[in-house]
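Heads up, query04.txt below (compact mmCIF, C-alpha atoms (C1' of nucleotides)):
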```txt
# COMPACT_ATOMS: atom_id res chain seq x y z
CA MET F 1 -22.55 65.99 35.52
CA ASN F 2 -21.22 62.62 34.54
CA PHE F 3 -18.13 60.93 35.91
CA LYS F 4 -15.22 59.08 34.33
CA GLU F 5 -15.16 55.29 34.58
CA SER F 6 -12.63 55.36 37.45
CA HIS F 7 -14.80 57.91 39.31
CA THR F 8 -17.87 55.72 38.93
CA LEU F 9 -15.87 52.80 40.37
CA ILE F 10 -14.80 54.66 43.50
CA LEU F 11 -18.24 56.24 44.01
CA ASN F 12 -19.81 52.78 43.82
CA ASN F 13 -17.30 51.57 46.38
CA VAL F 14 -18.14 54.44 48.75
CA SER F 15 -21.88 54.00 48.24
CA ARG F 16 -21.70 50.52 49.80
CA PHE F 17 -21.68 52.26 53.20
CA ILE F 18 -22.93 55.85 52.77
CA ASN F 19 -25.16 57.81 50.38
CA LEU F 20 -23.76 60.99 48.83
CA THR F 21 -25.63 63.80 47.09
CA GLU F 22 -24.44 64.81 43.59
CA LEU F 23 -22.71 67.82 45.10
CA GLU F 24 -20.92 65.70 47.69
CA LYS F 25 -19.83 63.30 44.95
CA GLN F 26 -18.28 66.15 42.98
CA LYS F 27 -16.61 67.52 46.09
CA TYR F 28 -15.19 64.09 46.93
CA ILE F 29 -13.87 63.49 43.40
CA SER F 30 -12.23 66.93 43.47
CA LEU F 31 -10.12 65.79 46.44
CA LEU F 32 -8.65 62.81 44.54
CA THR F 33 -5.49 62.58 42.41
CA GLU F 34 -5.08 60.20 39.45
CA VAL F 35 -1.92 58.09 39.39
CA LYS F 36 -0.58 55.59 36.84
CA VAL F 37 2.18 53.04 37.45
CA VAL F 38 3.70 50.83 34.76
CA LYS F 39 4.40 47.15 35.35
CA ARG F 40 7.37 46.81 37.76
CA GLY F 41 7.10 50.52 38.64
CA PHE F 42 7.05 51.64 42.29
CA LEU F 43 4.06 53.43 43.80
CA MET F 44 6.15 53.98 46.92
CA GLN F 45 9.41 52.80 48.47
CA ALA F 46 10.68 52.14 52.00
CA GLY F 47 12.12 55.27 53.58
CA GLU F 48 9.49 57.59 52.09
CA VAL F 49 6.50 58.97 53.99
CA ALA F 50 3.22 57.69 52.50
CA LYS F 51 1.74 60.80 50.90
CA TYR F 52 -1.47 59.11 49.72
CA GLU F 53 -3.94 56.36 50.41
CA TYR F 54 -4.91 54.67 47.14
CA PHE F 55 -7.96 53.11 45.53
CA ILE F 56 -7.12 50.85 42.59
CA THR F 57 -9.19 51.29 39.44
CA LYS F 58 -7.08 49.01 37.20
CA GLY F 59 -4.18 46.59 37.59
CA CYS F 60 -2.47 44.66 40.36
CA LEU F 61 0.14 45.68 42.96
CA LYS F 62 2.15 43.99 45.70
CA VAL F 63 2.91 45.51 49.10
CA TYR F 64 6.06 44.16 50.75
CA THR F 65 8.96 44.70 53.12
CA LEU F 66 12.54 43.48 52.77
CA ASP F 67 14.03 41.63 55.74
CA ASP F 68 17.62 41.97 56.98
CA ASP F 69 18.77 39.40 54.40
CA GLY F 70 17.01 41.33 51.60
CA ALA F 71 14.29 38.67 51.24
CA PRO F 72 10.84 40.10 50.37
CA HIS F 73 7.84 39.48 52.67
CA ILE F 74 4.67 40.30 50.77
CA SER F 75 1.86 41.46 53.03
CA MET F 76 -0.82 41.93 50.39
CA PHE F 77 -1.73 41.85 46.74
CA ALA F 78 -4.19 44.55 45.71
CA ILE F 79 -6.37 44.64 42.60
CA GLU F 80 -9.24 46.73 41.18
CA ASP F 81 -11.78 47.92 43.76
CA TYR F 82 -9.31 47.44 46.66
CA TRP F 83 -7.70 50.12 48.83
CA THR F 84 -3.96 50.12 49.42
CA GLY F 85 -1.12 52.19 50.88
CA ASP F 86 0.74 52.31 54.19
CA LEU F 87 -1.89 53.49 56.65
CA SER F 88 0.62 53.71 59.50
CA SER F 89 3.02 56.02 57.64
CA PHE F 90 0.10 57.97 56.15
CA MET F 91 -1.31 58.72 59.63
CA THR F 92 1.91 59.20 61.63
CA LYS F 93 3.87 60.92 58.82
CA LYS F 94 6.84 58.72 59.75
CA SER F 95 8.85 56.99 57.03
CA SER F 96 7.52 53.69 55.74
CA ARG F 97 9.05 50.18 55.80
CA TYR F 98 7.01 49.17 52.75
CA TYR F 99 7.49 49.00 49.00
CA ILE F 100 4.42 49.04 46.76
CA ARG F 101 5.11 47.85 43.23
CA ALA F 102 2.84 47.21 40.25
CA THR F 103 2.81 43.65 38.91
CA GLU F 104 0.74 44.91 35.92
CA ASP F 105 0.23 48.38 34.41
CA SER F 106 -2.05 49.98 37.01
CA GLU F 107 -4.24 53.02 37.62
CA LEU F 108 -5.16 54.44 40.99
CA LEU F 109 -6.97 57.30 42.70
CA GLY F 110 -5.03 58.77 45.61
CA ILE F 111 -6.16 60.96 48.47
CA SER F 112 -3.51 63.11 50.16
CA ARG F 113 -3.32 63.44 53.92
CA ALA F 114 -4.41 67.08 53.78
CA ASN F 115 -7.46 66.17 51.68
CA TYR F 116 -8.21 63.16 53.90
CA ASP F 117 -8.42 65.47 56.93
CA LEU F 118 -10.43 68.02 54.93
CA LEU F 119 -12.87 65.31 53.84
CA PHE F 120 -14.10 64.76 57.42
CA GLN F 121 -14.72 68.50 57.88
CA GLU F 122 -16.48 68.97 54.56
CA ILE F 123 -18.48 65.71 54.50
CA PRO F 124 -18.74 64.28 58.05
CA LYS F 125 -20.53 61.24 56.62
CA PHE F 126 -17.06 60.00 55.68
CA GLU F 127 -16.36 59.32 59.38
CA ARG F 128 -19.00 56.63 59.02
CA PHE F 129 -17.60 55.40 55.72
CA TYR F 130 -14.12 54.93 57.17
CA ARG F 131 -15.51 53.57 60.45
CA ILE F 132 -17.17 50.76 58.51
CA LEU F 133 -14.29 50.29 56.04
CA TYR F 134 -11.72 50.01 58.84
CA GLN F 135 -14.02 47.80 60.86
CA LYS F 136 -14.31 45.34 57.96
CA SER F 137 -10.54 45.41 57.28
CA LEU F 138 -9.90 44.90 60.99
CA ILE F 139 -12.22 41.88 61.09
CA SER F 140 -10.38 40.37 58.16
CA TYR F 141 -6.94 41.02 59.70
CA ILE F 142 -8.07 39.61 63.07
CA GLY F 143 -9.29 36.50 61.25
CA ARG F 144 -5.94 36.06 59.56
CA SER F 145 -3.79 37.02 62.54
CA ASN F 146 -3.15 33.44 63.63
CA TYR F 147 -2.88 31.88 60.22
CA GLY F 148 0.90 32.31 59.99
CA ILE F 149 1.49 30.36 63.18
CA SER F 150 -1.35 27.84 63.21
CA LEU F 151 -1.49 26.59 59.61
CA THR F 152 1.17 24.75 57.62
CA ALA F 153 2.45 26.32 54.40
CA GLU F 154 0.39 23.81 52.39
CA GLU F 155 -2.79 24.78 54.26
CA ARG F 156 -2.06 28.49 53.74
CA TYR F 157 -1.62 27.86 50.00
CA ILE F 158 -4.89 25.92 49.71
CA GLU F 159 -6.69 28.68 51.63
CA PHE F 160 -5.22 31.44 49.43
CA LYS F 161 -6.23 29.56 46.28
CA LYS F 162 -9.81 29.19 47.54
CA LYS F 163 -10.11 32.76 48.84
CA TYR F 164 -8.42 34.66 46.02
CA PRO F 165 -8.92 32.70 42.77
CA GLN F 166 -9.00 36.00 40.86
CA ILE F 167 -5.53 36.93 42.12
CA ILE F 168 -3.63 33.65 41.95
CA ASN F 169 -3.45 33.67 38.13
CA ARG F 170 -2.13 37.24 38.03
CA ILE F 171 0.97 36.77 40.19
CA THR F 172 4.19 34.75 39.95
CA GLN F 173 4.81 31.66 42.03
CA LYS F 174 7.79 33.46 43.56
CA ASP F 175 5.63 36.35 44.78
CA LEU F 176 3.09 33.87 46.10
CA ALA F 177 5.91 32.22 48.10
CA GLY F 178 6.79 35.66 49.48
CA TYR F 179 3.18 36.05 50.64
CA ILE F 180 2.75 32.50 52.02
CA GLY F 181 6.04 32.98 53.89
CA ILE F 182 8.18 30.21 52.40
CA THR F 183 10.99 29.86 49.85
CA PRO F 184 10.16 29.68 46.12
CA GLU F 185 11.66 26.18 46.11
CA PHE F 186 9.29 24.90 48.76
CA MET F 187 6.37 26.72 47.07
CA SER F 188 7.16 24.80 43.90
CA LYS F 189 7.11 21.50 45.80
CA ILE F 190 3.78 22.31 47.46
CA ILE F 191 2.11 23.30 44.20
CA SER F 192 3.21 20.14 42.39
CA LYS F 193 2.10 18.06 45.39
CA VAL F 194 -1.33 19.73 45.67
CA ASN F 195 -1.91 19.47 41.91
CA ARG F 196 -1.03 15.76 42.01
CA MET F 197 -3.70 15.18 44.72
CA MET O 1 -23.20 63.86 88.64
CA ASN O 2 -20.15 61.85 89.49
CA PHE O 3 -19.19 58.55 87.94
CA LYS O 4 -17.93 55.26 89.36
CA GLU O 5 -14.26 54.41 88.97
CA SER O 6 -14.94 52.05 86.06
CA HIS O 7 -17.02 54.76 84.34
CA THR O 8 -14.23 57.29 84.73
CA LEU O 9 -11.83 54.79 83.14
CA ILE O 10 -13.97 54.24 80.03
CA LEU O 11 -14.78 57.96 79.69
CA ASN O 12 -11.06 58.76 79.81
CA ASN O 13 -10.48 56.15 77.14
CA VAL O 14 -13.18 57.65 74.90
CA SER O 15 -11.93 61.19 75.49
CA ARG O 16 -8.62 60.33 73.81
CA PHE O 17 -10.42 60.81 70.47
CA ILE O 18 -13.66 62.77 71.07
CA ASN O 19 -15.02 65.29 73.59
CA LEU O 20 -18.38 64.54 75.20
CA THR O 21 -20.69 66.87 77.11
CA GLU O 22 -21.83 65.81 80.59
CA LEU O 23 -25.19 64.81 79.11
CA GLU O 24 -23.57 62.71 76.42
CA LYS O 25 -21.38 61.02 79.03
CA GLN O 26 -24.44 60.05 81.05
CA LYS O 27 -26.21 58.82 77.94
CA TYR O 28 -23.18 56.73 76.95
CA ILE O 29 -22.78 55.20 80.42
CA SER O 30 -26.49 54.32 80.42
CA LEU O 31 -25.91 52.14 77.35
CA LEU O 32 -23.26 49.99 79.09
CA THR O 33 -23.63 46.80 81.11
CA GLU O 34 -21.33 45.78 83.98
CA VAL O 35 -19.93 42.24 83.88
CA LYS O 36 -17.70 40.32 86.30
CA VAL O 37 -15.82 37.11 85.52
CA VAL O 38 -13.93 35.05 88.09
CA LYS O 39 -10.50 33.59 87.34
CA ARG O 40 -10.85 30.71 84.85
CA GLY O 41 -14.43 31.81 84.08
CA PHE O 42 -15.61 32.23 80.49
CA LEU O 43 -16.75 35.57 79.12
CA MET O 44 -17.83 33.77 75.97
CA GLN O 45 -17.43 30.39 74.29
CA ALA O 46 -17.13 29.15 70.71
CA GLY O 47 -20.54 28.45 69.19
CA GLU O 48 -22.21 31.46 70.81
CA VAL O 49 -22.98 34.74 69.06
CA ALA O 50 -20.97 37.61 70.60
CA LYS O 51 -23.67 39.67 72.35
CA TYR O 52 -21.30 42.39 73.58
CA GLU O 53 -18.11 44.24 72.87
CA TYR O 54 -16.15 44.73 76.11
CA PHE O 55 -13.94 47.31 77.75
CA ILE O 56 -11.83 45.90 80.59
CA THR O 57 -11.75 47.90 83.81
CA LYS O 58 -9.91 45.28 85.91
CA GLY O 59 -8.17 41.94 85.36
CA CYS O 60 -6.73 39.96 82.48
CA LEU O 61 -8.34 37.73 79.84
CA LYS O 62 -7.18 35.52 76.97
CA VAL O 63 -8.93 35.23 73.60
CA TYR O 64 -8.32 31.92 71.82
CA THR O 65 -9.53 29.30 69.36
CA LEU O 66 -9.10 25.53 69.56
CA ASP O 67 -7.71 23.79 66.48
CA ASP O 68 -8.82 20.39 65.14
CA ASP O 69 -6.50 18.64 67.61
CA GLY O 70 -7.92 20.66 70.51
CA ALA O 71 -4.74 22.74 70.88
CA PRO O 72 -5.37 26.38 71.90
CA HIS O 73 -4.19 29.26 69.69
CA ILE O 74 -4.25 32.46 71.71
CA SER O 75 -4.86 35.54 69.58
CA MET O 76 -4.68 38.16 72.32
CA PHE O 77 -4.30 38.88 76.00
CA ALA O 78 -6.38 41.82 77.19
CA ILE O 79 -5.92 43.85 80.38
CA GLU O 80 -7.32 47.04 81.93
CA ASP O 81 -8.02 49.88 79.48
CA TYR O 82 -8.15 47.48 76.48
CA TRP O 83 -11.16 46.55 74.37
CA THR O 84 -11.96 42.91 73.65
CA GLY O 85 -14.63 40.65 72.17
CA ASP O 86 -15.24 38.96 68.83
CA LEU O 87 -15.91 41.87 66.49
CA SER O 88 -16.72 39.58 63.57
CA SER O 89 -19.42 37.64 65.42
CA PHE O 90 -20.69 40.86 67.07
CA MET O 91 -21.21 42.52 63.67
CA THR O 92 -22.41 39.55 61.58
CA LYS O 93 -24.43 37.89 64.39
CA LYS O 94 -22.94 34.58 63.29
CA SER O 95 -21.61 32.14 65.88
CA SER O 96 -18.07 32.68 67.11
CA ARG O 97 -14.97 30.45 66.88
CA TYR O 98 -13.48 32.13 69.95
CA TYR O 99 -13.31 31.49 73.68
CA ILE O 100 -12.65 34.40 76.03
CA ARG O 101 -11.52 33.36 79.48
CA ALA O 102 -10.35 35.30 82.52
CA THR O 103 -6.82 34.54 83.75
CA GLU O 104 -7.55 36.71 86.83
CA ASP O 105 -10.79 37.90 88.46
CA SER O 106 -11.92 40.56 86.00
CA GLU O 107 -14.44 43.37 85.55
CA LEU O 108 -15.72 44.70 82.25
CA LEU O 109 -18.17 47.13 80.71
CA GLY O 110 -20.09 45.65 77.77
CA ILE O 111 -22.08 47.32 75.02
CA SER O 112 -24.78 45.25 73.34
CA ARG O 113 -25.25 45.25 69.58
CA ALA O 114 -28.56 47.10 69.88
CA ASN O 115 -26.97 49.81 72.04
CA TYR O 116 -23.94 50.00 69.75
CA ASP O 117 -26.25 50.79 66.81
CA LEU O 118 -28.26 53.23 68.94
CA LEU O 119 -25.07 54.99 70.02
CA PHE O 120 -24.37 56.21 66.47
CA GLN O 121 -27.89 57.61 66.17
CA GLU O 122 -27.89 59.31 69.55
CA ILE O 123 -24.28 60.58 69.56
CA PRO O 124 -22.93 60.66 65.98
CA LYS O 125 -19.53 61.72 67.34
CA PHE O 126 -19.03 58.03 68.13
CA GLU O 127 -18.64 57.34 64.39
CA ARG O 128 -15.44 59.34 64.73
CA PHE O 129 -14.44 57.59 67.95
CA TYR O 130 -14.75 54.15 66.39
CA ARG O 131 -13.22 55.34 63.10
CA ILE O 132 -10.06 56.30 64.98
CA LEU O 133 -10.14 53.30 67.34
CA TYR O 134 -10.50 50.84 64.46
CA GLN O 135 -7.89 52.70 62.42
CA LYS O 136 -5.36 52.35 65.24
CA SER O 137 -6.19 48.68 65.81
CA LEU O 138 -5.94 48.07 62.08
CA ILE O 139 -2.50 49.71 61.94
CA SER O 140 -1.32 47.49 64.77
CA TYR O 141 -2.75 44.31 63.15
CA ILE O 142 -1.22 45.24 59.77
CA GLY O 143 2.13 45.73 61.51
CA ARG O 144 1.90 42.28 63.08
CA SER O 145 0.43 40.49 60.07
CA ASN O 146 3.77 39.15 58.86
CA TYR O 147 5.30 38.42 62.20
CA GLY O 148 4.09 34.81 62.33
CA ILE O 149 5.75 33.95 59.04
CA SER O 150 8.82 36.17 59.02
CA LEU O 151 10.19 35.87 62.58
CA THR O 152 11.46 32.80 64.43
CA ALA O 153 9.75 31.77 67.67
CA GLU O 154 12.68 33.16 69.64
CA GLU O 155 12.39 36.54 67.91
CA ARG O 156 8.63 36.60 68.55
CA TYR O 157 9.25 35.90 72.24
CA ILE O 158 11.84 38.66 72.56
CA GLU O 159 9.49 41.10 70.81
CA PHE O 160 6.55 40.15 73.05
CA LYS O 161 8.69 40.64 76.16
CA LYS O 162 9.78 44.09 74.99
CA LYS O 163 6.33 45.20 73.83
CA TYR O 164 4.17 43.84 76.67
CA PRO O 165 6.28 43.79 79.86
CA GLN O 166 3.13 44.53 81.89
CA ILE O 167 1.44 41.36 80.55
CA ILE O 168 4.25 38.80 80.56
CA ASN O 169 4.29 38.49 84.38
CA ARG O 170 0.53 37.95 84.54
CA ILE O 171 0.26 34.89 82.28
CA THR O 172 1.55 31.33 82.35
CA GLN O 173 4.39 30.13 80.15
CA LYS O 174 1.94 27.67 78.58
CA ASP O 175 -0.43 30.45 77.53
CA LEU O 176 2.49 32.45 76.21
CA ALA O 177 3.44 29.41 74.09
CA GLY O 178 -0.15 29.35 72.77
CA TYR O 179 0.23 33.00 71.76
CA ILE O 180 3.74 32.71 70.27
CA GLY O 181 2.50 29.66 68.32
CA ILE O 182 4.78 26.92 69.64
CA THR O 183 4.58 24.01 72.07
CA PRO O 184 5.05 24.64 75.82
CA GLU O 185 8.17 22.40 75.65
CA PHE O 186 9.84 24.56 73.02
CA MET O 187 8.74 27.72 74.88
CA SER O 188 10.56 26.39 77.94
CA LYS O 189 13.75 25.85 75.90
CA ILE O 190 13.58 29.34 74.39
CA ILE O 191 13.08 31.04 77.74
CA SER O 192 15.99 29.22 79.38
CA LYS O 193 18.16 29.96 76.34
CA VAL O 194 17.26 33.69 76.23
CA ASN O 195 17.76 34.05 80.01
CA ARG O 196 21.19 32.39 79.72
CA MET O 197 22.25 34.96 77.07
C1' DT J 1 -2.77 20.39 104.92
C1' DA J 2 -2.78 16.40 101.93
C1' DA J 3 -3.99 14.87 97.55
C1' DA J 4 -4.91 16.01 92.95
C1' DA J 5 -4.25 18.62 89.03
C1' DG J 6 -1.78 21.49 86.36
C1' DT J 7 2.78 23.64 84.96
C1' DC J 8 7.63 23.44 83.88
C1' DT J 9 11.98 21.08 82.52
C1' DT J 10 14.87 17.93 79.96
C1' DA J 11 16.02 14.79 76.34
C1' DA J 12 15.74 11.67 72.19
C1' DA J 13 13.62 10.70 67.80
C1' DC J 14 11.10 12.90 64.24
C1' DT J 15 9.06 16.32 60.34
C1' DA J 16 8.17 20.74 57.95
C1' DG J 17 10.60 23.89 55.80
C1' DT J 18 15.51 25.94 54.36
C1' DT J 19 19.71 26.23 51.81
C1' DC J 20 22.53 25.51 48.07
C1' DA J 21 23.46 23.92 43.58
C1' DT J 22 22.03 22.61 38.90
C1' DT J 23 18.89 22.22 34.91
C1' DT J 24 14.72 23.40 32.32
C1' DT J 25 11.16 26.59 31.05
C1' DT J 26 9.17 31.11 30.45
C1' DT J 27 9.37 36.00 29.92
C1' DT J 28 11.63 40.18 28.63
C1' DT J 29 14.38 43.00 25.79
C1' DC J 30 16.65 44.75 21.79
C1' DG T 1 13.13 36.27 16.72
C1' DA T 2 17.69 35.54 19.19
C1' DA T 3 19.99 36.46 23.39
C1' DA T 4 19.66 37.57 28.07
C1' DA T 5 17.31 37.48 32.28
C1' DA T 6 14.12 35.78 35.34
C1' DA T 7 11.11 32.07 37.07
C1' DA T 8 10.26 27.29 38.01
C1' DA T 9 11.61 22.42 39.05
C1' DT T 10 14.32 18.92 41.35
C1' DG T 11 17.29 16.86 44.76
C1' DA T 12 20.57 16.32 48.77
C1' DA T 13 22.16 17.96 53.15
C1' DC T 14 20.70 20.81 56.93
C1' DT T 15 17.91 23.37 61.04
C1' DA T 16 13.84 25.11 63.67
C1' DG T 17 10.29 23.36 65.87
C1' DT T 18 7.22 18.93 67.21
C1' DT T 19 6.21 14.77 69.58
C1' DT T 20 6.38 11.67 73.22
C1' DA T 21 7.66 10.45 77.63
C1' DA T 22 9.08 10.97 82.35
C1' DG T 23 10.26 13.46 86.59
C1' DA T 24 10.22 17.85 89.53
C1' DC T 25 7.82 21.79 91.03
C1' DT T 26 3.62 24.75 92.00
C1' DT T 27 -1.08 25.79 92.53
C1' DT T 28 -5.76 24.50 93.55
C1' DT T 29 -9.25 22.11 95.97
C1' DA T 30 -11.54 19.58 99.55
```
Let me see whether you can do it: turn the structure in this file into structure tokens.
Amino acid sequence: MNFKESHTLILNNVSRFINLTELEKQKYISLLTEVKVVKRGFLMQAGEVAKYEYFITKGCLKVYTLDDDGAPHISMFAIEDYWTGDLSSFMTKKSSRYYIRATEDSELLGISRANYDLLFQEIPKFERFYRILYQKSLISYIGRSNYGISLTAEERYIEFKKKYPQIINRITQKDLAGYIGITPEFMSKIISKVNRM
Amino acid sequence: MNFKESHTLILNNVSRFINLTELEKQKYISLLTEVKVVKRGFLMQAGEVAKYEYFITKGCLKVYTLDDDGAPHISMFAIEDYWTGDLSSFMTKKSSRYYIRATEDSELLGISRANYDLLFQEIPKFERFYRILYQKSLISYIGRSNYGISLTAEERYIEFKKKYPQIINRITQKDLAGYIGITPEFMSKIISKVNRM
DNA sequence: TAAAAGTCTTAAACTAGTTCATTTTTTTTC
DNA sequence: GAAAAAAAATGAACTAGTTTAAGACTTTTA
């Protein structure tokens, strides 16, 4: 059997941590659902329960909440080879506070909650896969946990630019401001200052 | 066989997510090391490699970094029935940026990196235990990831008070300021303001 | 139990970041 | 490819949080 391009991408991602037999690969792929979202389309909206966890095979999306004043707070940008979704809502089946919206035409592979649970029964190796995946995500979130309160906005911008050069050119300055946690006006000032340096 | 009080505590913690046989329990306990730290003592210091991940059976500790000006940024307080350590350093074996210091006389159970790896071979069920543990931690870190940039210091204080009433009476106002991400002076103003309300 | 060290409070002068308003530039849509 | 809509730039007046300094209170140590 040979797999589609998107299937090869996700199987390569999984094979970073566990080895699957051909049969297991087919089984895994059979549990996934293909999803497309056009630019500015919503993958999910606040108030819904997260039905899927997603792996991105093409495109770019932003995950954000709206505060009481309706101002967006972007918690992540996700591109090809990243996982995204609202893990909390997905696990608890409670309604989500998050919006996920494509900033480019995007393609994803989703796994439903039922299939996620089934996966551990059918291929217990996936306990290990997710153990390592969550461990790595956790390490990265722990590392960032203090950055909002201990760095200035300018330092957070410089760090983002260094860490995610492949993302910074694909998003608007306004969305970047929503991620850094400042107003678009102040973002504009910082960028012109840093570029002048 | 019967277990010590601290062993019962950690076995209860583990049994939230997986069931162990008596033999597995004994095996697990045999992989742990008991550690005591007196008030103001260090469990680890920046520059060291994290040799253990810890489960707290008694006491209270603070995990923090020092910034370039020597000001402490506290990333967590940990009390009985919590896990602590520097997961990044523990996994990568690179030197840590963190200090972990007891704010009360404390007792912990540590697992070394070698025993952590062995654990998955000997009792594969622990892949599931850590998958769920890390998933829950991750959900809580994701939930907090925007709180430093989207809430005011006063809102962060009120939230901390509501969420961790059992911790707030065990730490100094100065350490709380280091966690909230403000100066002790401003912390003092906020507390007197909130209490006046 | 006295001295030393650390913690907490208060206040005045300062700075990083916001708000609001206007203009210019870029992107989207028909 | 023109009109409309959205994003970016700039500037002036404002606010949340910092800095520095000094005195009062509490905890630790010898």
Select, from F:Thr172, F:Gln121, F:Thr183, F:Gln45, the residue with the minimum atom-to-atom distance to chain T, counting all atoms listed in the file.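 Ranking F:Thr172, F:Gln121, F:Thr183, F:Gln45 by distance to chain T, first place goes to F:Thr172.
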Around all the atoms of region 43-62 of chain F listed in the file, draw an axis-aligned box and extend it by 3 Å on each of the six sides; I want its centre and edge lengths in Å to one decimal, as AutoDock Vina command-line options.
```
--center_x 1.5 --center_y 52.4 --center_z 45.6 --size_x 27.3 --size_y 22.8 --size_z 22.8
```
Would you mind listing, as a PyMOL selection string, all residues of chain O that have at least one atom within 12 Å of chain J, where all atoms listed in the file are what counts? chain O and resi 149+171-175+184-192
Tell me, as a ChimeraX atom specification, which residues lie within 9 Å of His7 (chain F), counting all atoms listed in the file; anything in the same chain fewer than 5 positions away does not count. /F:12,29,57,109
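For the pair CA of Phe90 (chain O) and CA of Ala50 (chain O), the separation is 4.8 Å.
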Have a look at CA of Lys93 (chain O) and CA of Arg156 (chain F) and let me know their distance in Å, one decimal.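 So the answer is 26.5 Å.
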Do me a favour and pick out the residues of chain F within 7 Å of chain O, using only C-alpha atoms, as a list in words. Ser75, Leu87, Ser88, Glu127, Arg128, Tyr130, Arg131, Tyr134, Gln135, Leu138, Ile139, Tyr141, Ser145, Asn146, Gly148, Ile149, Ser150 and Gly181 of chain F
Rows by chain and residue number, chain T within 9 Å of chain O, shortest pair, only C-alpha atoms (C1' of nucleotides), as a tab-separated table:
```
residue	atom	partner	partner_atom	distance
T:DA16	C1'	O:Thr152	CA	8.1
T:DG17	C1'	O:Phe186	CA	7.3
T:DT18	C1'	O:Thr183	CA	7.5
```
Can you tell me how far CA of Leu108 (chain O) sits from CA of Glu5 (chain O), in Å to one decimal? 11.9 Å
Please list as a list in words every residue within 9 Å of Gly85 (chain F), counting only C-alpha atoms (C1' of nucleotides) and excluding residues in the same chain fewer than 4 positions away.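 Selected residues are Leu43, Met44, Ala50, Tyr52, Glu53, Tyr54, Phe55, Val63, Ser89, Phe90, Tyr98 and Ile100 of chain F.
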